[in-house]
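Reproduced below: run-v9.cif, with mmCIF, C-alpha atoms.
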```
data_query
loop_
_atom_site.label_atom_id
_atom_site.label_comp_id
_atom_site.auth_asym_id
_atom_site.auth_seq_id
_atom_site.Cartn_x
_atom_site.Cartn_y
_atom_site.Cartn_z
CA MET E 1101 -13.26 -17.89 20.82
CA LEU E 1102 -16.70 -17.40 19.33
CA ARG E 1103 -16.08 -19.52 16.25
CA ASN E 1104 -13.55 -21.57 14.35
CA LYS E 1105 -11.72 -22.92 17.39
CA LEU E 1106 -10.36 -25.74 15.28
CA LEU E 1107 -9.20 -23.27 12.65
CA ALA E 1108 -7.37 -21.28 15.30
CA THR E 1109 -5.34 -24.36 16.25
CA LEU E 1110 -4.61 -25.40 12.68
CA LEU E 1111 -3.58 -21.96 11.47
CA LEU E 1112 -1.33 -19.32 12.96
CA SER E 1113 -3.15 -17.68 15.86
CA LEU E 1114 -1.25 -14.61 17.00
CA PRO E 1115 -1.92 -13.55 20.63
CA LEU E 1116 -0.23 -10.25 21.38
CA CYS E 1117 1.73 -8.83 18.51
CA ALA E 1118 5.51 -9.32 18.60
CA VAL E 1119 7.60 -6.29 17.74
CA ALA E 1120 10.07 -7.11 15.00
CA ASN E 1121 11.85 -3.74 14.98
CA PRO E 1122 11.63 -0.38 16.77
CA LEU E 1123 8.47 1.39 15.71
CA CYS E 1124 8.78 3.95 12.95
CA THR E 1125 6.36 6.77 13.66
CA TYR E 1126 4.63 8.27 10.64
CA VAL E 1127 1.79 10.33 9.22
CA ALA E 1128 -0.09 8.87 6.26
CA SER E 1129 -2.93 10.36 4.23
CA TYR E 1130 -5.36 8.54 1.97
CA LYS E 1131 -8.01 9.33 -0.61
CA ALA E 1132 -11.33 7.51 -0.40
CA TYR E 1133 -13.21 6.37 -3.50
CA ARG E 1134 -16.34 4.47 -4.40
CA ARG E 1135 -16.73 2.99 -7.87
CA GLY E 1136 -13.93 5.26 -9.08
CA SER E 1137 -15.42 8.51 -7.74
CA GLU E 1138 -13.63 10.36 -4.96
CA LEU E 1139 -15.83 10.75 -1.89
CA GLY E 1140 -13.49 11.74 0.95
CA HIS E 1141 -10.19 11.36 2.69
CA ALA E 1142 -8.58 9.57 5.62
CA SER E 1143 -5.41 9.75 7.69
CA GLN E 1144 -3.44 7.55 10.05
CA GLN E 1145 -0.78 8.77 12.47
CA LEU E 1146 1.52 6.83 14.78
CA ILE E 1147 2.91 9.00 17.60
CA LYS E 1148 5.47 8.21 20.29
CA LEU E 1149 4.54 9.88 23.57
CA ASP E 1150 6.87 11.24 26.24
CA ASN E 1151 6.12 8.33 28.58
CA GLU E 1152 7.41 5.82 26.00
CA LYS E 1153 3.88 4.83 25.09
CA TYR E 1154 2.42 5.13 21.59
CA LYS E 1155 -0.78 6.49 20.12
CA LEU E 1156 -2.29 5.40 16.80
CA ILE E 1157 -4.95 7.72 15.38
CA TYR E 1158 -7.15 7.06 12.35
CA GLN E 1159 -9.64 9.59 10.97
CA SER E 1160 -11.90 9.47 7.92
CA HIS E 1161 -14.37 11.88 6.36
CA ALA E 1162 -16.67 10.88 3.51
CA SER E 1163 -19.71 12.45 1.87
CA ILE E 1164 -21.95 11.62 -1.06
CA PHE E 1165 -24.98 13.70 -1.98
CA ILE E 1166 -26.70 14.52 1.36
CA PHE E 1167 -25.03 11.68 3.27
CA SER E 1168 -21.92 12.05 5.42
CA ASP E 1169 -19.76 9.80 7.58
CA HIS E 1170 -17.03 10.90 10.00
CA ARG E 1171 -14.99 8.44 12.06
CA LYS E 1172 -12.10 8.58 14.49
CA GLU E 1173 -10.25 5.74 16.19
CA THR E 1174 -7.58 6.25 18.84
CA SER E 1175 -5.41 3.48 20.28
CA LEU E 1176 -3.10 4.00 23.24
CA PHE E 1177 -0.62 1.17 23.67
CA ASP E 1178 2.67 0.17 25.23
CA VAL E 1179 5.60 -1.91 24.01
CA ASN E 1180 6.86 -4.37 26.61
CA ASP E 1181 8.97 -7.53 26.25
CA ASN E 1182 8.69 -7.29 22.48
CA GLN E 1183 4.89 -7.20 22.59
CA TYR E 1184 2.32 -4.56 21.70
CA ILE E 1185 0.10 -4.12 24.77
CA PRO E 1186 -3.21 -2.27 24.18
CA LEU E 1187 -4.12 0.15 26.97
CA HIS E 1188 -7.12 2.15 25.76
CA TYR E 1189 -9.22 2.29 22.61
CA GLN E 1190 -11.77 4.90 21.59
CA TYR E 1191 -14.06 4.92 18.56
CA GLU E 1192 -16.34 7.75 17.44
CA ARG E 1193 -18.71 7.81 14.46
CA THR E 1194 -20.92 10.78 13.52
CA GLY E 1195 -22.83 11.79 10.42
CA THR E 1196 -25.95 10.60 8.64
CA GLY E 1197 -27.75 7.93 10.63
CA SER E 1198 -27.01 6.82 14.17
CA ASP E 1199 -23.91 8.05 15.95
CA HIS E 1200 -21.79 5.48 17.77
CA GLU E 1201 -19.05 5.63 20.40
CA LEU E 1202 -16.96 3.02 22.17
CA ASN E 1203 -14.56 3.57 25.07
CA LEU E 1204 -12.55 0.53 26.13
CA THR E 1205 -9.78 0.12 28.70
CA PHE E 1206 -7.58 -2.98 28.69
CA ASP E 1207 -6.94 -3.80 32.36
CA ALA E 1208 -3.76 -5.88 32.30
CA THR E 1209 -3.65 -6.30 36.10
CA ASN E 1210 -7.05 -7.99 36.30
CA LYS E 1211 -7.11 -9.30 32.70
CA GLN E 1212 -10.36 -7.49 32.03
CA LEU E 1213 -11.97 -5.47 29.26
CA VAL E 1214 -13.51 -2.41 30.93
CA PHE E 1215 -16.16 -0.72 28.78
CA ALA E 1216 -17.72 2.67 29.49
CA HIS E 1217 -21.27 1.52 28.76
CA LYS E 1218 -21.38 -2.27 29.00
CA PRO E 1219 -20.39 -4.99 31.51
CA VAL E 1220 -16.77 -5.92 32.15
CA GLN E 1221 -15.53 -8.94 30.20
CA PRO E 1222 -12.47 -11.19 30.57
CA TRP E 1223 -9.52 -10.12 28.43
CA GLU E 1224 -8.00 -13.05 26.56
CA ASN E 1225 -5.14 -11.15 24.88
CA GLU E 1226 -7.25 -9.77 22.05
CA GLN E 1227 -5.96 -6.67 20.28
CA ASP E 1228 -8.09 -3.60 19.65
CA ASN E 1229 -9.70 -2.70 16.34
CA GLN E 1230 -6.53 -0.98 15.07
CA LEU E 1231 -3.58 -2.84 16.55
CA TYR E 1232 -4.45 -6.08 14.79
CA LEU E 1233 -2.97 -4.44 11.69
CA PHE E 1234 0.43 -4.76 13.38
CA GLN E 1235 -0.22 -8.48 13.72
CA ILE E 1236 -0.86 -8.67 10.00
CA LYS E 1237 2.40 -6.84 9.30
CA ASP E 1238 4.37 -9.24 11.48
CA ALA E 1239 2.73 -12.26 9.86
CA LEU E 1240 3.65 -10.96 6.41
CA ARG E 1241 7.23 -10.25 7.47
CA ALA E 1242 7.44 -13.82 8.75
CA GLY E 1243 6.26 -15.14 5.39
CA LYS E 1244 2.89 -16.39 6.65
CA THR E 1245 0.19 -16.83 4.02
CA ASP E 1246 -2.76 -18.04 6.13
CA PHE E 1247 -3.41 -16.80 9.66
CA VAL E 1248 -6.03 -15.63 12.15
CA VAL E 1249 -6.08 -12.73 14.62
CA ASP E 1250 -8.25 -12.14 17.70
CA LEU E 1251 -9.55 -8.65 18.39
CA ILE E 1252 -12.23 -6.46 19.94
CA SER E 1253 -14.21 -4.79 17.15
CA TYR E 1254 -15.29 -1.15 17.12
CA LYS E 1255 -18.68 -2.42 18.28
CA GLY E 1256 -17.09 -3.95 21.37
CA ASN E 1257 -17.50 -7.56 20.22
CA LYS E 1258 -14.91 -10.32 20.39
CA GLU E 1259 -14.03 -11.33 16.84
CA GLN E 1260 -11.65 -13.69 15.09
CA TYR E 1261 -10.48 -12.63 11.62
CA HIS E 1262 -9.08 -15.13 9.13
CA PHE E 1263 -6.69 -13.78 6.47
CA GLN E 1264 -5.07 -15.27 3.38
CA VAL E 1265 -2.36 -13.82 1.19
CA GLU E 1266 -3.53 -13.65 -2.43
CA LYS E 1267 -0.60 -12.23 -4.38
CA THR E 1268 2.02 -9.51 -4.74
CA GLU E 1269 1.18 -6.91 -7.34
CA LYS E 1270 2.00 -3.41 -8.52
CA LEU E 1271 -0.49 -0.72 -7.59
CA LYS E 1272 -1.07 2.68 -9.14
CA LEU E 1273 -2.02 4.95 -6.26
CA PRO E 1274 -2.27 8.72 -5.70
CA TYR E 1275 1.07 8.22 -3.94
CA GLY E 1276 2.58 6.68 -7.08
CA GLN E 1277 3.40 3.15 -8.15
CA LEU E 1278 4.12 0.62 -5.40
CA GLU E 1279 4.58 -3.12 -5.10
CA ALA E 1280 2.25 -4.44 -2.41
CA ILE E 1281 1.10 -7.70 -0.85
CA LYS E 1282 -2.64 -8.26 -1.28
CA ILE E 1283 -4.47 -10.17 1.45
CA ALA E 1284 -8.14 -11.09 1.80
CA ARG E 1285 -10.25 -11.41 4.89
CA ILE E 1286 -12.01 -14.78 4.66
CA ARG E 1287 -15.66 -14.74 5.72
CA GLU E 1288 -18.03 -17.69 5.91
CA ASN E 1289 -21.49 -17.34 4.36
CA SER E 1290 -21.13 -13.61 3.77
CA SER E 1291 -21.56 -11.35 0.73
CA ARG E 1292 -18.96 -8.97 2.12
CA GLU E 1293 -15.39 -8.91 0.80
CA THR E 1294 -12.47 -7.01 2.33
CA TYR E 1295 -9.00 -6.70 0.82
CA PHE E 1296 -5.85 -5.09 2.22
CA TRP E 1297 -2.58 -4.18 0.51
CA PHE E 1298 0.69 -3.72 2.46
CA ALA E 1299 3.89 -2.28 0.97
CA PRO E 1300 7.21 -3.90 2.04
CA SER E 1301 9.11 -0.82 0.81
CA LEU E 1302 7.16 1.38 3.27
CA ASP E 1303 7.69 -0.68 6.44
CA MET E 1304 4.63 -2.81 5.60
CA LEU E 1305 2.35 0.24 5.70
CA MET E 1306 -1.23 -0.41 4.63
CA VAL E 1307 -1.49 1.38 1.28
CA ARG E 1308 -4.95 0.29 0.14
CA LEU E 1309 -8.18 -1.03 1.67
CA GLN E 1310 -11.15 -2.14 -0.43
CA GLN E 1311 -14.59 -3.19 0.80
CA ILE E 1312 -17.22 -4.87 -1.38
CA LYS E 1313 -20.78 -6.00 -0.58
CA ASP E 1314 -22.95 -8.07 -2.92
CA GLY E 1315 -20.47 -7.35 -5.71
CA ASP E 1316 -20.80 -3.58 -5.24
CA GLU E 1317 -17.77 -1.57 -4.12
CA GLN E 1318 -18.53 0.26 -0.87
CA ALA E 1319 -15.15 1.92 -0.30
CA ASP E 1320 -11.64 1.98 -1.74
CA ILE E 1321 -9.06 3.82 0.38
CA ARG E 1322 -5.72 4.51 -1.35
CA LEU E 1323 -2.48 6.00 -0.05
CA GLN E 1324 -1.84 9.60 -1.06
CA SER E 1325 1.24 10.50 1.01
CA VAL E 1326 3.33 9.29 3.93
CA GLU E 1327 6.04 10.89 6.03
CA PHE E 1328 8.16 8.75 8.36
CA ASN E 1329 10.21 9.93 11.31
CA GLN E 1330 13.60 10.90 9.89
CA SER E 1331 15.45 8.77 12.45
CA CYS E 1332 13.90 5.54 11.16
CA GLN E 1333 13.27 5.79 7.44
CA PRO E 1334 12.16 2.38 6.08
#
```
Is it possible to give me this structure as structure tokens?
Amino acid sequence: MLRNKLLATLLLSLPLCAVANPLCTYVASYKAYRRGSELGHASQQLIKLDNEKYKLIYQSHASIFIFSDHRKETSLFDVNDNQYIPLHYQYERTGTGSDHELNLTFDATNKQLVFAHKPVQPWENEQDNQLYLFQIKDALRAGKTDFVVDLISYKGNKEQYHFQVEKTEKLKLPYGQLEAIKIARIRENSSRETYFWFAPSLDMLMVRLQQIKDGDEQADIRLQSVEFNQSCQP
């Protein structure tokens, strides 16, 4: 990978994400804050399609003063031999500033990453910019406290993310009170901090995401509601 090859061998490097249980489809909504002030909302939906494939959709809308930011991520993937297999990923960002779009097809036959507007690259079992969250869930279920994941970012770059579990704590969210596992993304020589919280009682759903830069909170996304498929309540 691009960096920390030694780290990848010393820690848990997860290739394609193993499926621990049948997927529970759901619709989750979030409120977005910055420094305690509400600035927008977000949603995430996992859908099972008729062809036995799945679609994961994330959307967010934020505005402050005259500035706005609208994003949508869509992941199409398959489940085969207890693995999540990414098929197609799409990212769209509009609003104040430059718009951005990424269309990426994962060609399993030729082991290639096929981009709409950049050269083909070899696919080395990286996940897309959403499905790596499933890898985190599986690592937490397995009791891992220090691990790395390989992915293709929303910019189309190959990345390796290093995570560490910090603690389990009770959160007060718009959804209500929940016990959640807090993990941190470890960055080298960076002023950026990113924290995730996952709730074991909600099938390891991500219930909070906080981003900080130079000590200043940039975003804090908190769970407002979630509805699981009735056939597989967690």
Sorted by chain and rising residue number, list the residues of stretch 1109-1180 of chain E at most 12 Å from stretch 1300-1313 of chain E (counting only C-alpha atoms), each with its closest atom pair and distance in Å to one decimal, as CSV.
```
residue,atom,partner,partner_atom,distance
E:Ala1120,CA,E:Asp1303,CA,11.0
E:Asn1121,CA,E:Asp1303,CA,10.0
E:Pro1122,CA,E:Asp1303,CA,11.1
E:Leu1123,CA,E:Asp1303,CA,9.5
E:Cys1124,CA,E:Asp1303,CA,8.1
E:Thr1125,CA,E:Asp1303,CA,10.5
E:Tyr1126,CA,E:Leu1305,CA,9.7
E:Val1127,CA,E:Leu1305,CA,10.7
E:Ala1128,CA,E:Leu1305,CA,9.0
E:Ser1129,CA,E:Val1307,CA,9.6
E:Tyr1130,CA,E:Val1307,CA,8.2
E:Lys1131,CA,E:Arg1308,CA,9.6
E:Ala1132,CA,E:Leu1309,CA,9.3
E:Tyr1133,CA,E:Gln1310,CA,9.3
E:Arg1134,CA,E:Gln1310,CA,9.3
E:Arg1135,CA,E:Ile1312,CA,10.2
E:Gly1136,CA,E:Gln1310,CA,11.7
E:Ala1142,CA,E:Leu1309,CA,11.3
E:Ser1143,CA,E:Val1307,CA,11.2
E:Gln1144,CA,E:Met1306,CA,9.9
E:Gln1145,CA,E:Leu1305,CA,11.3
E:Leu1146,CA,E:Leu1305,CA,11.3
```
Check: Suppose you want the space between atom CA of E:Ile1157 and atom CA of E:Leu1278; what is it in Å?
Finding: 23.8 Å
Checklist line | Evaluate the PyMOL selection byres ((chain E and resi 1232) around 10) and report residues as a ChimeraX atom specification | finding: /E:1114-1117,1184,1226-1231,1233-1238,1249-1252,1261
Check: Which residues match the PyMOL selection byres ((chain E and resi 1214) around 6) in the file above, as a VMD selection string?
Finding: chain E and resid 1204 to 1205 1213 1215 1220
Item checked: Using all atoms listed in the file: which of E:Asn1329, E:Ser1160, E:Ser1137, E:Gln1264 has the shortest distance to E:Ala1239 -> E:Gln1264
Notebook entry, point to check: Quick one, how far is atom CA of E:Trp1223 from atom CA of E:Thr1245?
Noted result: 27.1 Å
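Among the candidate residues E:Gly1315, E:Asn1203, E:Leu1323, E:Pro1219, the one lying nearest to E:Ala1280 is E:Leu1323, with distances computed using all atoms listed in the file.
Nearest residue to E:Phe1177, choosing from E:Phe1165, E:Phe1206, E:Phe1263, E:Tyr1154 and counting all atoms listed in the file: E:Tyr1154.
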